[in-house]
>>> print(open('start.txt').read())   # compact mmCIF, C-alpha atoms (C1' of nucleotides)
# COMPACT_ATOMS: atom_id res chain seq x y z
CA MET S 701 5.65 54.59 -144.12
CA THR S 702 9.10 54.01 -145.61
CA SER S 703 12.22 55.90 -144.59
CA THR S 704 12.31 57.49 -148.03
CA GLN S 705 8.76 58.74 -147.65
CA ILE S 706 9.53 60.20 -144.23
CA LYS S 707 12.73 61.74 -145.62
CA ASP S 708 10.78 63.46 -148.38
CA LEU S 709 8.14 64.62 -145.90
CA LEU S 710 10.69 66.20 -143.57
CA GLU S 711 12.51 67.88 -146.43
CA SER S 712 9.26 69.21 -147.85
CA LYS S 713 8.79 70.96 -144.51
CA GLY S 714 12.31 72.34 -144.59
CA VAL S 715 13.93 70.17 -141.92
CA ARG S 716 17.08 68.23 -142.56
CA ALA S 717 16.19 64.56 -142.69
CA THR S 718 18.84 62.98 -140.49
CA HIS S 719 18.67 59.31 -139.55
CA GLN S 720 17.76 60.26 -136.00
CA ARG S 721 14.94 62.59 -136.97
CA ILE S 722 13.52 60.05 -139.37
CA SER S 723 13.44 57.38 -136.70
CA VAL S 724 12.07 59.75 -134.07
CA TYR S 725 9.26 60.73 -136.42
CA ARG S 726 8.54 57.10 -137.21
CA ALA S 727 8.58 56.18 -133.50
CA VAL S 728 5.97 58.82 -132.71
CA CYS S 729 3.80 57.69 -135.65
CA GLU S 730 3.99 54.03 -134.73
CA HIS S 731 3.78 54.30 -130.95
CA PRO S 732 0.44 52.91 -129.71
CA VAL S 733 -0.12 55.85 -127.36
CA HIS S 734 1.49 59.22 -127.74
CA PRO S 735 5.01 58.75 -126.38
CA CYS S 736 7.06 61.06 -124.19
CA ALA S 737 10.71 61.80 -124.91
CA SER S 738 12.07 58.95 -122.83
CA ALA S 739 9.59 56.50 -124.36
CA ILE S 740 10.83 57.47 -127.82
CA TYR S 741 14.39 57.11 -126.57
CA ASP S 742 13.71 53.64 -125.13
CA ALA S 743 12.00 52.50 -128.33
CA LEU S 744 14.90 53.60 -130.56
CA LYS S 745 17.78 52.70 -128.26
CA LYS S 746 17.47 49.04 -129.24
CA ASP S 747 18.26 49.64 -132.89
CA ASN S 748 20.61 52.56 -132.33
CA PRO S 749 22.54 52.19 -129.06
CA ALA S 750 24.50 55.38 -129.81
CA LEU S 751 21.34 57.48 -129.69
CA SER S 752 21.33 60.25 -127.13
CA LEU S 753 18.30 61.45 -125.19
CA ALA S 754 19.37 64.99 -126.06
CA THR S 755 18.92 64.10 -129.71
CA VAL S 756 15.38 62.95 -129.05
CA TYR S 757 14.66 66.34 -127.47
CA ASN S 758 16.37 68.16 -130.34
CA SER S 759 14.48 66.11 -132.91
CA VAL S 760 11.01 66.57 -131.46
CA GLU S 761 11.80 70.28 -131.14
CA ALA S 762 12.72 70.46 -134.83
CA LEU S 763 9.72 68.37 -135.88
CA CYS S 764 7.28 70.41 -133.79
CA GLY S 765 8.73 73.60 -135.24
CA ALA S 766 8.15 72.25 -138.73
CA GLY S 767 4.53 71.38 -137.97
CA LEU S 768 5.13 67.65 -138.24
CA LEU S 769 4.53 66.86 -134.56
CA ARG S 770 2.62 68.49 -131.79
CA ARG S 771 3.51 68.52 -128.13
CA ILE S 772 0.70 67.50 -125.81
CA ASN S 773 0.41 68.09 -122.08
CA VAL S 774 -1.98 65.40 -120.88
CA ASP S 775 0.34 64.65 -118.01
CA ASP S 776 1.20 67.25 -115.43
CA ASN S 777 4.89 66.47 -115.44
CA GLU S 778 6.04 65.41 -118.88
CA SER S 779 5.29 66.23 -122.52
CA ARG S 780 4.10 63.69 -125.03
CA TYR S 781 4.22 63.94 -128.80
CA ASP S 782 1.58 63.31 -131.43
CA ALA S 783 2.06 62.96 -135.19
CA ASP S 784 -1.65 63.40 -135.91
CA MET S 785 -1.99 67.11 -136.62
CA SER S 786 -5.71 67.01 -137.31
CA ARG S 787 -8.25 68.49 -134.92
CA HIS S 788 -8.96 66.07 -132.08
CA GLY S 789 -8.85 65.86 -128.30
CA HIS S 790 -7.00 63.59 -125.88
CA PHE S 791 -8.46 61.69 -122.99
CA LYS S 792 -6.09 60.45 -120.30
CA CYS S 793 -7.33 57.64 -118.08
CA ASP S 794 -6.25 58.24 -114.50
CA ARG S 795 -6.30 54.55 -113.75
CA CYS S 796 -4.58 52.78 -116.66
CA GLY S 797 -2.75 55.84 -117.96
CA LYS S 798 -3.85 55.27 -121.55
CA VAL S 799 -4.30 58.31 -123.79
CA ILE S 800 -7.24 58.03 -126.18
CA ASP S 801 -8.06 60.35 -129.09
CA PHE S 802 -11.57 61.69 -129.51
CA PRO S 803 -13.24 63.91 -132.14
CA VAL S 804 -14.20 67.49 -131.37
CA LYS S 805 -16.62 69.75 -133.19
CA ASP S 806 -15.28 72.68 -135.13
CA ASP S 807 -15.75 76.25 -133.89
CA PHE S 808 -16.33 75.48 -130.25
CA ALA S 809 -14.10 78.35 -129.13
CA GLN S 810 -15.63 81.80 -128.86
CA GLY S 811 -14.41 85.32 -128.21
CA LEU S 812 -11.08 84.91 -129.98
CA SER S 813 -11.56 87.29 -132.87
CA GLY S 814 -8.42 89.37 -133.19
CA PHE S 815 -6.26 86.54 -131.85
CA ALA S 816 -3.78 84.61 -133.98
CA VAL S 817 -4.35 81.05 -132.79
CA THR S 818 -1.49 78.73 -133.75
CA ARG S 819 -1.86 76.08 -131.07
CA ARG S 820 -4.93 74.20 -129.91
CA GLU S 821 -5.02 71.55 -127.26
CA ILE S 822 -7.93 69.73 -125.69
CA CYS S 823 -7.17 67.39 -122.80
CA PHE S 824 -9.76 65.52 -120.80
CA GLY S 825 -9.20 63.15 -117.93
CA GLY S 826 -11.05 60.62 -115.85
CA LEU S 827 -11.77 56.93 -116.31
CA CYS S 828 -11.97 55.05 -119.59
CA PRO S 829 -14.89 52.62 -120.05
CA ASP S 830 -12.78 49.57 -119.11
CA CYS S 831 -11.44 51.10 -115.91
CA LEU S 832 -14.83 52.54 -115.02
CA ALA S 833 -16.33 49.06 -115.18
CA GLN S 834 -13.57 47.66 -113.00
CA GLU S 835 -13.94 50.44 -110.45
CA GLN S 836 -17.67 49.76 -110.18
CA GLN S 837 -16.99 46.05 -109.71
CA THR S 838 -14.50 46.82 -106.94
CA LYS S 839 -17.04 49.07 -105.25
CA GLN S 840 -19.60 46.28 -105.18
CA CYS S 841 -17.15 44.01 -103.35
CA ASN S 842 -16.73 46.48 -100.48
CA MET H 993 -14.01 87.50 -100.29
CA THR H 994 -13.32 87.55 -96.58
CA SER H 995 -11.17 85.03 -94.76
CA THR H 996 -14.26 83.77 -92.97
CA GLN H 997 -16.04 83.18 -96.27
CA ILE H 998 -13.06 81.31 -97.66
CA LYS H 999 -12.80 79.32 -94.42
CA ASP H 1000 -16.45 78.28 -94.71
CA LEU H 1001 -15.99 77.42 -98.37
CA LEU H 1002 -13.00 75.16 -97.71
CA GLU H 1003 -14.72 73.45 -94.82
CA SER H 1004 -17.86 72.90 -96.88
CA LYS H 1005 -15.66 70.98 -99.29
CA GLY H 1006 -14.11 68.97 -96.51
CA VAL H 1007 -10.64 70.49 -96.39
CA ARG H 1008 -9.17 71.87 -93.22
CA ALA H 1009 -9.05 75.62 -93.48
CA THR H 1010 -5.56 76.47 -92.29
CA HIS H 1011 -4.21 80.00 -92.57
CA GLN H 1012 -1.91 78.94 -95.36
CA ARG H 1013 -4.61 77.27 -97.44
CA ILE H 1014 -6.91 80.24 -97.02
CA SER H 1015 -4.24 82.64 -98.25
CA VAL H 1016 -3.22 80.34 -101.11
CA TYR H 1017 -6.83 80.13 -102.25
CA ARG H 1018 -7.20 83.90 -102.01
CA ALA H 1019 -3.96 84.44 -103.90
CA VAL H 1020 -5.16 82.30 -106.80
CA CYS H 1021 -8.53 84.08 -106.85
CA GLU H 1022 -7.02 87.54 -106.80
CA HIS H 1023 -4.05 86.97 -109.09
CA PRO H 1024 -4.54 88.83 -112.40
CA VAL H 1025 -3.40 85.85 -114.48
CA HIS H 1026 -3.47 82.28 -113.29
CA PRO H 1027 -0.40 81.95 -111.08
CA CYS H 1028 2.08 79.11 -110.85
CA ALA H 1029 3.28 77.75 -107.51
CA SER H 1030 6.25 80.09 -107.23
CA ALA H 1031 4.10 83.11 -108.15
CA ILE H 1032 1.70 82.22 -105.33
CA TYR H 1033 4.70 81.81 -103.05
CA ASP H 1034 6.15 85.19 -104.01
CA ALA H 1035 2.80 86.91 -103.54
CA LEU H 1036 2.29 85.49 -100.04
CA LYS H 1037 5.88 85.63 -98.81
CA LYS H 1038 5.55 89.36 -98.12
CA ASP H 1039 2.82 88.95 -95.52
CA ASN H 1040 4.01 85.60 -94.22
CA PRO H 1041 7.82 85.30 -94.39
CA ALA H 1042 7.67 81.88 -92.70
CA LEU H 1043 5.73 80.40 -95.62
CA SER H 1044 7.35 77.46 -97.34
CA LEU H 1045 7.15 76.69 -101.04
CA ALA H 1046 6.36 73.11 -100.05
CA THR H 1047 3.25 74.37 -98.30
CA VAL H 1048 2.13 76.11 -101.47
CA TYR H 1049 2.43 72.80 -103.31
CA ASN H 1050 0.63 70.97 -100.50
CA SER H 1051 -2.13 73.56 -100.44
CA VAL H 1052 -2.86 73.63 -104.15
CA GLU H 1053 -2.85 69.84 -104.08
CA ALA H 1054 -5.45 69.81 -101.31
CA LEU H 1055 -7.53 72.53 -102.98
CA CYS H 1056 -7.46 70.81 -106.37
CA GLY H 1057 -8.47 67.55 -104.74
CA ALA H 1058 -11.45 69.29 -103.15
CA GLY H 1059 -12.56 70.77 -106.45
CA LEU H 1060 -11.79 74.34 -105.40
CA LEU H 1061 -8.93 74.88 -107.83
CA ARG H 1062 -7.93 73.39 -111.13
CA ARG H 1063 -4.45 72.85 -112.42
CA ILE H 1064 -3.84 74.15 -115.91
CA ASN H 1065 -0.99 73.28 -118.27
CA VAL H 1066 -0.77 76.23 -120.63
CA ASP H 1067 2.99 76.25 -120.21
CA ASP H 1068 5.06 73.28 -121.19
CA ASN H 1069 7.15 73.34 -118.05
CA GLU H 1070 5.13 74.53 -115.07
CA SER H 1071 1.57 74.22 -113.78
CA ARG H 1072 -0.66 77.17 -113.11
CA TYR H 1073 -3.77 77.25 -110.95
CA ASP H 1074 -7.24 78.62 -111.62
CA ALA H 1075 -10.04 79.23 -109.12
CA ASP H 1076 -12.67 79.59 -111.84
CA MET H 1077 -14.12 76.10 -112.12
CA SER H 1078 -16.65 76.98 -114.81
CA ARG H 1079 -16.29 75.80 -118.39
CA HIS H 1080 -13.85 78.03 -120.28
CA GLY H 1081 -10.63 77.83 -122.26
CA HIS H 1082 -7.22 79.43 -121.82
CA PHE H 1083 -5.24 81.27 -124.44
CA LYS H 1084 -1.53 81.76 -123.80
CA CYS H 1085 0.19 84.52 -125.76
CA ASP H 1086 3.63 83.36 -126.91
CA ARG H 1087 4.94 86.90 -126.96
CA CYS H 1088 3.76 88.59 -123.74
CA GLY H 1089 3.05 85.39 -121.82
CA LYS H 1090 -0.39 86.51 -120.70
CA VAL H 1091 -3.08 83.86 -120.19
CA ILE H 1092 -6.54 84.95 -121.28
CA ASP H 1093 -9.82 83.13 -120.59
CA PHE H 1094 -12.26 82.54 -123.40
CA PRO H 1095 -15.76 80.97 -123.57
CA VAL H 1096 -16.30 77.57 -125.16
CA LYS H 1097 -19.50 76.02 -126.38
CA ASP H 1098 -20.99 73.10 -124.53
CA ASP H 1099 -20.88 69.57 -125.95
CA PHE H 1100 -18.02 70.08 -128.35
CA ALA H 1101 -16.47 66.73 -127.43
CA GLN H 1102 -17.71 63.64 -129.21
CA GLY H 1103 -17.22 59.92 -128.90
CA LEU H 1104 -16.84 59.86 -125.14
CA SER H 1105 -19.95 57.93 -124.18
CA GLY H 1106 -18.96 55.34 -121.63
CA PHE H 1107 -16.17 57.54 -120.29
CA ALA H 1108 -16.27 59.18 -116.86
CA VAL H 1109 -14.87 62.62 -117.63
CA THR H 1110 -13.72 64.44 -114.50
CA ARG H 1111 -11.18 66.83 -116.00
CA ARG H 1112 -11.47 69.11 -118.99
CA GLU H 1113 -8.81 71.44 -120.25
CA ILE H 1114 -8.70 73.61 -123.34
CA CYS H 1115 -5.48 75.46 -124.06
CA PHE H 1116 -4.83 77.57 -127.12
CA GLY H 1117 -1.71 79.49 -127.97
CA GLY H 1118 -0.48 82.10 -130.39
CA LEU H 1119 -0.53 85.88 -130.33
CA CYS H 1120 -3.00 88.10 -128.48
CA PRO H 1121 -4.45 91.08 -130.41
CA ASP H 1122 -1.98 93.55 -128.87
CA CYS H 1123 1.08 91.47 -129.66
CA LEU H 1124 -0.23 90.63 -133.12
CA ALA H 1125 -0.49 94.33 -133.92
CA GLN H 1126 3.04 94.93 -132.67
CA GLU H 1127 4.44 92.04 -134.67
CA GLN H 1128 2.85 93.40 -137.82
CA GLN H 1129 4.33 96.82 -137.11
CA THR H 1130 7.78 95.30 -136.64
CA LYS H 1131 7.43 93.42 -139.91
CA GLN H 1132 6.74 96.65 -141.78
CA CYS H 1133 9.97 98.19 -140.46
CA ASN H 1134 12.10 95.42 -141.94
C1' DT V 918 36.93 64.35 -152.05
C1' DC V 919 36.92 68.50 -149.26
C1' DC V 920 34.78 72.01 -146.52
C1' DA V 921 31.67 74.70 -143.79
C1' DA V 922 27.47 74.41 -141.49
C1' DA V 923 24.39 71.79 -138.93
C1' DA V 924 23.35 67.90 -136.04
C1' DT V 925 24.57 64.49 -132.59
C1' DT V 926 26.58 63.06 -128.44
C1' DA V 927 27.80 63.00 -123.54
C1' DT V 928 27.49 65.41 -119.76
C1' DA V 929 26.63 69.26 -116.75
C1' DA V 930 23.30 72.60 -115.27
C1' DT V 931 18.71 74.17 -114.42
C1' DA V 932 14.12 74.18 -112.79
C1' DA V 933 9.78 72.24 -111.18
C1' DT V 934 8.07 69.07 -108.17
C1' DT V 935 8.04 65.49 -104.60
C1' DA V 936 9.72 63.12 -100.42
C1' DC V 937 10.97 63.23 -95.76
C1' DA V 938 11.49 64.05 -90.90
C1' DA V 939 11.18 67.37 -87.27
C1' DA V 940 8.50 71.12 -85.42
C1' DT V 941 4.13 73.32 -85.17
C1' DT V 942 -0.74 73.81 -85.38
C1' DT V 943 -5.32 72.14 -85.31
C1' DA V 944 -9.66 69.98 -83.58
C1' DT V 945 -11.44 67.40 -79.99
C1' DA V 946 -12.45 65.77 -75.55
C1' DA V 947 -11.57 65.58 -70.70
C1' DT I 1138 -8.62 75.58 -70.48
C1' DT I 1139 -5.57 72.05 -71.10
C1' DA I 1140 -3.98 67.57 -72.83
C1' DT I 1141 -3.59 64.81 -76.74
C1' DA I 1142 -3.44 62.71 -81.21
C1' DA I 1143 -3.73 63.67 -85.91
C1' DA I 1144 -2.89 66.66 -89.55
C1' DT I 1145 -0.22 70.35 -91.44
C1' DT I 1146 3.74 73.18 -92.11
C1' DT I 1147 8.51 73.86 -92.61
C1' DG I 1148 13.22 73.35 -94.35
C1' DT I 1149 15.82 70.70 -96.94
C1' DA I 1150 17.21 66.87 -99.74
C1' DA I 1151 16.06 64.04 -103.61
C1' DT I 1152 14.00 63.29 -107.95
C1' DT I 1153 12.78 64.12 -112.62
C1' DA I 1154 12.15 66.49 -116.99
C1' DT I 1155 14.34 69.54 -119.80
C1' DT I 1156 17.92 72.71 -121.49
C1' DA I 1157 22.73 74.27 -122.19
C1' DT I 1158 27.40 73.41 -123.58
C1' DA I 1159 31.36 71.95 -125.96
C1' DA I 1160 33.59 68.41 -128.52
C1' DT I 1161 32.81 65.15 -132.19
C1' DT I 1162 30.47 63.56 -136.15
C1' DT I 1163 27.53 63.94 -140.04
C1' DT I 1164 25.45 66.30 -143.75
C1' DG I 1165 24.95 68.61 -148.34
C1' DG I 1166 27.16 71.07 -151.78
C1' DA I 1167 31.38 72.82 -154.43
>>> encode(input="start.txt", output="structure tokens")
Amino acid sequence: MTSTQIKDLLESKGVRATHQRISVYRAVCEHPVHPCASAIYDALKKDNPALSLATVYNSVEALCGAGLLRRINVDDNESRYDADMSRHGHFKCDRCGKVIDFPVKDDFAQGLSGFAVTRREICFGGLCPDCLAQEQQTKQCN
Amino acid sequence: MTSTQIKDLLESKGVRATHQRISVYRAVCEHPVHPCASAIYDALKKDNPALSLATVYNSVEALCGAGLLRRINVDDNESRYDADMSRHGHFKCDRCGKVIDFPVKDDFAQGLSGFAVTRREICFGGLCPDCLAQEQQTKQCN
DNA sequence: TCCAAAATTATAATAATTACAAATTTATAA
DNA sequence: TTATAAATTTGTAATTATTATAATTTTGGA
């Protein structure tokens, strides 16, 4: 995705497309797992040493408000950000820390007629297949 | 639920049933919405002025580890605790702050074969029916 | 180019949580 | 019951994520 394309996307959503916001958006899109604020900061600091962590927070705030990013709470302590706004869940491996997307069926929630639902988050946790295999191997050695 | 019943429950799960842990567990059970650590602390401080906030954190940690409580992340900043371990989702109203339980269908998650899922959390957000009605009223006045 | 509004920056403040060491309590066994 | 070791609680300090603030810079439009 080119800078121009991102610029147009942000402006179509009514947010000013500053250099920082464009690069924050790109960083979230391109990050292998959904990054937290400081991970975005670290990734962008190389190319823009003047970048401030406060700007990263301001930018994700603006982008979330515009519906371009969503904040996810897979971790107990810090927020991560996801540029994929489609319906899906997140699985956090307690061993390797990876966050993996998974599909979810539509209409699994019940009893919410009369509610205006604007946010949906599905977070699972446990062990991913790789770590599960390694744990079982370790157990055999004991 | 009597103190003796809670004591037996904790011990059956292998956690030492101290006075503090018993009252923390009871506080989470009896709290109208799922309380955060400081809400538990405030609720118990009246009857036990010597209680420390650190103990509340230690207790919920022990109780979560034993599968008696679950930590929920409906808020971006702080954790809340829930004694209902059955499958259900949480809806957080952005206006009044209330957290409301709702039922969810079984087997809505897909693509997780090979994963060992030990944690499941479903958090929705938006406006509850009451607040939605009030917002619509406000809109009409403008 | 000039100007006002908005965004960025650096830093301070806040708030939730964790770490730590001393004091207390608990379960167990003599 | 009393002694003892281990676990827990307590009070406080440290840590960490996030927000607030004010000065500086950038942005978009006249």
>>> residues_near_point(input="start.txt", point="(18.8, 67.4, -103.4)", cutoff="12 Å", atoms="all atoms listed in the file", output="PDB file with C-alpha atoms (C1' of nucleotides), in the frame of the given file")
ATOM      1  C1'  DT V 934       8.070  69.070-108.170  1.00  0.00           C
ATOM      2  C1'  DT V 935       8.040  65.490-104.600  1.00  0.00           C
ATOM      3  C1'  DA V 936       9.720  63.120-100.420  1.00  0.00           C
ATOM      4  C1'  DC V 937      10.970  63.230 -95.760  1.00  0.00           C
TER       5       DC V 937
ATOM      6  C1'  DT I1149      15.820  70.700 -96.940  1.00  0.00           C
ATOM      7  C1'  DA I1150      17.210  66.870 -99.740  1.00  0.00           C
ATOM      8  C1'  DA I1151      16.060  64.040-103.610  1.00  0.00           C
ATOM      9  C1'  DT I1152      14.000  63.290-107.950  1.00  0.00           C
ATOM     10  C1'  DT I1153      12.780  64.120-112.620  1.00  0.00           C
TER      11       DT I1153
END
>>> atom_distance(input="start.txt", atom1="CA of Thr755 in chain S", atom2="CA of Gln720 in chain S")
7.5 Å
>>> interface_residues(input="start.txt", of="chain V", to="chain H", cutoff="10 Å", atoms="all atoms listed in the file", output="NGL selection string")
:V and (932-935 or 942-944)
>>> atom_distance(input="start.txt", atom1="CA of Val1007 in chain H", atom2="CA of Ser995 in chain H")
14.6 Å
>>> closest_atom_pairs(input="start.txt", of="chain S", to="chain H", cutoff="10 Å", atoms="all atoms listed in the file", output="tab-separated table")
residue	atom	partner	partner_atom	distance
S:Arg771	CA	H:Asp1068	CA	8.6
S:Ile772	CA	H:Asp1068	CA	8.6
S:Asn773	CA	H:Asn1065	CA	6.6
S:Val774	CA	H:Asn1065	CA	8.4
S:Asp775	CA	H:Asn1065	CA	8.7
S:Asp776	CA	H:Asn1065	CA	7.0
S:Asn777	CA	H:Asn1069	CA	7.7
S:Glu778	CA	H:Asn1069	CA	8.1
S:Ser779	CA	H:Asp1068	CA	7.2
S:His788	CA	H:Ala1101	CA	8.9
S:Gly789	CA	H:Ala1101	CA	7.7
S:His790	CA	H:Glu1113	CA	9.8
S:Phe791	CA	H:Val1109	CA	8.4
S:Lys792	CA	H:Arg1111	CA	9.2
S:Cys793	CA	H:Val1109	CA	9.0
S:Asp794	CA	H:Thr1110	CA	9.7
S:Ile800	CA	H:Leu1104	CA	9.8
S:Asp801	CA	H:Gly1103	CA	9.2
S:Phe802	CA	H:Gly1103	CA	6.0
S:Pro803	CA	H:Gln1102	CA	5.4
S:Val804	CA	H:Ala1101	CA	4.6
S:Lys805	CA	H:Phe1100	CA	5.0
S:Asp806	CA	H:Phe1100	CA	7.8
S:Asp807	CA	H:Lys1097	CA	8.4
S:Phe808	CA	H:Lys1097	CA	5.0
S:Ala809	CA	H:Val1096	CA	4.6
S:Gln810	CA	H:Pro1095	CA	5.4
S:Gly811	CA	H:Phe1094	CA	6.0
S:Leu812	CA	H:Phe1094	CA	7.1
S:Ser813	CA	H:Pro1121	CA	8.4
S:Gly814	CA	H:Pro1121	CA	5.1
S:Phe815	CA	H:Cys1120	CA	4.9
S:Ala816	CA	H:Leu1119	CA	5.0
S:Val817	CA	H:Gly1118	CA	4.7
S:Thr818	CA	H:Gly1118	CA	4.9
S:Arg819	CA	H:Gly1117	CA	4.6
S:Arg820	CA	H:Phe1116	CA	4.4
S:Glu821	CA	H:Cys1115	CA	5.1
S:Ile822	CA	H:Ile1114	CA	4.6
S:Cys823	CA	H:Glu1113	CA	5.1
S:Phe824	CA	H:Arg1112	CA	4.4
S:Gly825	CA	H:Arg1111	CA	4.6
S:Gly826	CA	H:Val1109	CA	4.7
S:Leu827	CA	H:Ala1108	CA	5.1
S:Cys828	CA	H:Phe1107	CA	4.9
S:Pro829	CA	H:Phe1107	CA	5.1
S:Asp830	CA	H:Phe1107	CA	8.7
S:Cys831	CA	H:Phe1107	CA	9.1
S:Leu832	CA	H:Ala1108	CA	7.0
S:Ala833	CA	H:Gly1106	CA	9.4
>>> atom_distance(input="start.txt", atom1="CA of Met701 in chain S", atom2="CA of Cys736 in chain S")
21.0 Å
